[in-house]
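Have a look at the structure below before the remarks.
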Amino acid sequence: VVVVVFISGARGDSGSDFSNNLFSDLAPILAIFGEQFAKQFMSQSMSWVENIIFAMAPLGILTAIVGAIRVGGPSWLKTVVGRAREPQGFAELELMSSTSHEVCELWNGEAIVRVMGSPLVQELFYVKELDDSDKAETSQYASQADANHDEERITLPPSDTLRPEMTSSKRTKDAPNISLNLNSKKRTWELYLAALFGVLIQLAVLVVAGLGSYYPHWKLIKGGLPVKGYAYPLTAVGTMVLVAGMFVCASIVEQTTDEDEWVISMPGKKLDAHILWQQRSRTVNDQFFDSYAVINRNYCHGILTSCQTTPNNPTALFEAATVFGTIISICGFAAQFIGLRGMHWSASIAQLIATFLMTVVRAIVRRGLAERPHAERVP
């Protein structure tokens, strides 16, 4: 009986230690995963604010590091992650918002998908409410009157009528950016609010963990003993360094594309328009895509285009930034992991809750990806 009681007590102690270690390890380990979610968010990022949103309580740490290496790392670092012979088009397909002669976007009957290959897609504009003077000015363009509406279907050229709001790169015969123009326009205030929420919740985790370690009335214990002195400093420094590394990695991916907004306008005013993509049936990358007319459901004032800025030859500064971001991300994660293991399990749970909340925030920011266009099969 004594032996049984002793074994039961030993098992109880080991079970308690196992539970504590499980809670301590759960948050940092889960943060490594989330590959597809991280790729989805980074591929649609077009500003530093979105990079901050990604960096706070990050999910998909390993994906962000490898992604930065794939698009901007030196050849020796690509060899380390097994991407030495990877074509640039594969990285563009998974991590960037751009399209090119190698990567295109097509409607497969259920959703817009990105595939390798060159499609046959024509981009048209259905312009709303043109008055008589505008009709006179655009008579040189191909137009077709709609019998049921006082509108005209006009294909507007990229000169004069399509005016870039920002400095634009040279236009090429790249495939149209369908997904960027189907999603709802990002609200700037919404992005800033999400970034502010991320900063505050990440700081709140560090403050709560610090109070639990040093505040006399809050001092928590681990394994019957006070939290070790090295635990909180490592947790705090590691978390801040990891956040900085994730921001650098996300910025590297974001800076490899150049986004422009082209406004559909006539002299003196902007025009409301629907964008229509006419897709011809074709086999692309061993996949057959039927003929469709894809139309965005809401009127817009212009179109977004995205193209690569460093297609094949990253600069030395870009490569140095990639190496720097990789090193500090790994060091930050290691320091945070060791620190959280020495903290009370509540610190890891707080970080886990912060990661969950920021995952929800990122999903809200990218909710436009769930929108479906109006698509009709055409002969």
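Just remember, in the structure tokens the first chain shown is A, the second B, etc., residues are 1-based per chain, and ligands are 1-based in the order shown.
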### Task
Tell me which protein, DNA and RNA residues are within 8 Å of segment 32-43 of chain A, counting only C-alpha atoms, leaving out same-chain ones fewer than 3 positions away, and put them as a count of residues only.
19
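Using only C-alpha atoms, the smallest distance between any of A:Ala375, A:Ile201, A:Leu182, A:Leu191 and Gly109 of chain A comes from A:Ala375.
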### Message
Taking 6 positions as the minimum chain separation for residues in the same chain, which residues sit within 12 Å of segment 68-81 of chain A when counting only C-alpha atoms? Answer as a PyMOL selection string.
### Response
chain A and resi 38-39+42-43+61-62+87-96+245-257+308-327+329
Can I get the selection written as a compact mmCIF listing (two decimals), in the first residue's frame, with N, CA and C atoms?
# COMPACT_ATOMS: atom_id res chain seq x y z
N ALA A 38 -0.51 33.00 -42.27
CA ALA A 38 0.55 34.01 -42.39
C ALA A 38 0.78 34.39 -43.85
N LYS A 39 0.82 33.40 -44.74
CA LYS A 39 1.00 33.70 -46.16
C LYS A 39 -0.14 34.55 -46.70
N MET A 42 0.32 38.22 -45.33
CA MET A 42 1.46 38.93 -45.90
C MET A 42 1.28 39.22 -47.38
N SER A 43 0.62 38.32 -48.11
CA SER A 43 0.46 38.52 -49.55
C SER A 43 -0.42 39.71 -49.89
N ILE A 61 5.45 32.36 -37.25
CA ILE A 61 6.80 32.94 -37.16
C ILE A 61 7.74 32.31 -38.18
N LEU A 62 7.75 31.01 -38.25
CA LEU A 62 8.65 30.32 -39.17
C LEU A 62 8.32 30.65 -40.62
N PRO A 87 12.38 28.79 -58.33
CA PRO A 87 12.10 29.91 -59.22
C PRO A 87 11.42 31.05 -58.47
N GLN A 88 11.70 32.27 -58.86
CA GLN A 88 11.12 33.42 -58.18
C GLN A 88 9.60 33.42 -58.29
N GLY A 89 9.09 32.82 -59.37
CA GLY A 89 7.65 32.79 -59.54
C GLY A 89 6.93 32.05 -58.44
N PHE A 90 7.55 31.03 -57.84
CA PHE A 90 6.91 30.29 -56.76
C PHE A 90 6.72 31.18 -55.53
N ALA A 91 7.75 31.98 -55.21
CA ALA A 91 7.63 32.91 -54.08
C ALA A 91 6.58 33.97 -54.37
N GLU A 92 6.55 34.47 -55.60
CA GLU A 92 5.53 35.46 -55.98
C GLU A 92 4.13 34.87 -55.86
N LEU A 93 3.97 33.62 -56.25
CA LEU A 93 2.67 32.96 -56.21
C LEU A 93 2.12 32.88 -54.79
N GLU A 94 2.98 32.56 -53.82
CA GLU A 94 2.52 32.29 -52.46
C GLU A 94 2.56 33.50 -51.54
N LEU A 95 3.48 34.45 -51.77
CA LEU A 95 3.73 35.48 -50.77
C LEU A 95 3.43 36.90 -51.23
N MET A 96 3.25 37.13 -52.51
CA MET A 96 3.11 38.50 -53.01
C MET A 96 1.71 38.75 -53.55
N GLY A 245 11.69 41.58 -35.20
CA GLY A 245 12.08 40.69 -36.29
C GLY A 245 10.93 40.37 -37.23
N MET A 246 9.73 40.14 -36.67
CA MET A 246 8.56 39.88 -37.51
C MET A 246 8.20 41.10 -38.36
N PHE A 247 8.38 42.29 -37.79
CA PHE A 247 8.12 43.51 -38.57
C PHE A 247 9.10 43.63 -39.73
N VAL A 248 10.37 43.32 -39.49
CA VAL A 248 11.37 43.38 -40.55
C VAL A 248 11.05 42.35 -41.64
N CYS A 249 10.73 41.13 -41.25
CA CYS A 249 10.43 40.08 -42.23
C CYS A 249 9.20 40.42 -43.05
N ALA A 250 8.14 40.90 -42.39
CA ALA A 250 6.93 41.29 -43.11
C ALA A 250 7.19 42.47 -44.04
N SER A 251 8.03 43.40 -43.61
CA SER A 251 8.36 44.56 -44.45
C SER A 251 9.14 44.15 -45.68
N ILE A 252 10.02 43.17 -45.54
CA ILE A 252 10.79 42.69 -46.69
C ILE A 252 9.87 42.11 -47.75
N VAL A 253 8.90 41.30 -47.33
CA VAL A 253 7.94 40.73 -48.28
C VAL A 253 7.10 41.83 -48.90
N GLU A 254 6.66 42.78 -48.08
CA GLU A 254 5.80 43.86 -48.58
C GLU A 254 6.53 44.78 -49.55
N GLN A 255 7.82 45.02 -49.31
CA GLN A 255 8.58 45.94 -50.15
C GLN A 255 9.00 45.33 -51.49
N THR A 256 8.78 44.05 -51.69
CA THR A 256 9.15 43.44 -52.97
C THR A 256 8.12 43.69 -54.05
N THR A 257 6.99 44.31 -53.70
CA THR A 257 5.98 44.65 -54.70
C THR A 257 5.71 46.15 -54.66
N GLN A 308 6.24 43.31 -59.22
CA GLN A 308 7.46 43.11 -58.45
C GLN A 308 8.42 44.28 -58.66
N THR A 309 9.11 44.65 -57.58
CA THR A 309 10.13 45.69 -57.68
C THR A 309 11.52 45.09 -57.80
N THR A 310 11.71 43.89 -57.24
CA THR A 310 13.02 43.21 -57.31
C THR A 310 12.78 41.79 -57.83
N PRO A 311 12.49 41.62 -59.11
CA PRO A 311 12.09 40.31 -59.60
C PRO A 311 13.15 39.22 -59.49
N ASN A 312 14.40 39.52 -59.75
CA ASN A 312 15.40 38.45 -59.80
C ASN A 312 16.70 38.75 -59.08
N ASN A 313 16.95 40.03 -58.74
CA ASN A 313 18.26 40.39 -58.21
C ASN A 313 18.11 41.34 -57.03
N PRO A 314 17.87 40.83 -55.81
CA PRO A 314 17.76 41.69 -54.63
C PRO A 314 19.06 42.46 -54.39
N THR A 315 18.94 43.69 -53.92
CA THR A 315 20.10 44.52 -53.65
C THR A 315 20.81 44.04 -52.39
N ALA A 316 22.05 44.52 -52.22
CA ALA A 316 22.84 44.14 -51.04
C ALA A 316 22.15 44.59 -49.75
N LEU A 317 21.52 45.78 -49.78
CA LEU A 317 20.81 46.28 -48.61
C LEU A 317 19.62 45.39 -48.28
N PHE A 318 18.92 44.95 -49.29
CA PHE A 318 17.77 44.07 -49.11
C PHE A 318 18.22 42.75 -48.49
N GLU A 319 19.32 42.19 -48.99
CA GLU A 319 19.83 40.93 -48.45
C GLU A 319 20.30 41.10 -47.01
N ALA A 320 20.95 42.23 -46.72
CA ALA A 320 21.41 42.48 -45.35
C ALA A 320 20.22 42.61 -44.40
N ALA A 321 19.16 43.27 -44.84
CA ALA A 321 17.96 43.41 -44.01
C ALA A 321 17.32 42.05 -43.76
N THR A 322 17.36 41.18 -44.76
CA THR A 322 16.79 39.83 -44.60
C THR A 322 17.58 39.03 -43.58
N VAL A 323 18.91 39.08 -43.66
CA VAL A 323 19.75 38.38 -42.69
C VAL A 323 19.52 38.92 -41.29
N PHE A 324 19.44 40.24 -41.17
CA PHE A 324 19.20 40.87 -39.87
C PHE A 324 17.85 40.44 -39.29
N GLY A 325 16.81 40.51 -40.12
CA GLY A 325 15.48 40.10 -39.66
C GLY A 325 15.42 38.65 -39.25
N THR A 326 16.13 37.79 -39.99
CA THR A 326 16.15 36.37 -39.66
C THR A 326 16.82 36.12 -38.32
N ILE A 327 17.97 36.76 -38.10
CA ILE A 327 18.74 36.54 -36.87
C ILE A 327 17.97 37.03 -35.65
N SER A 329 14.80 37.53 -35.30
CA SER A 329 13.57 36.76 -35.10
C SER A 329 13.87 35.46 -34.37
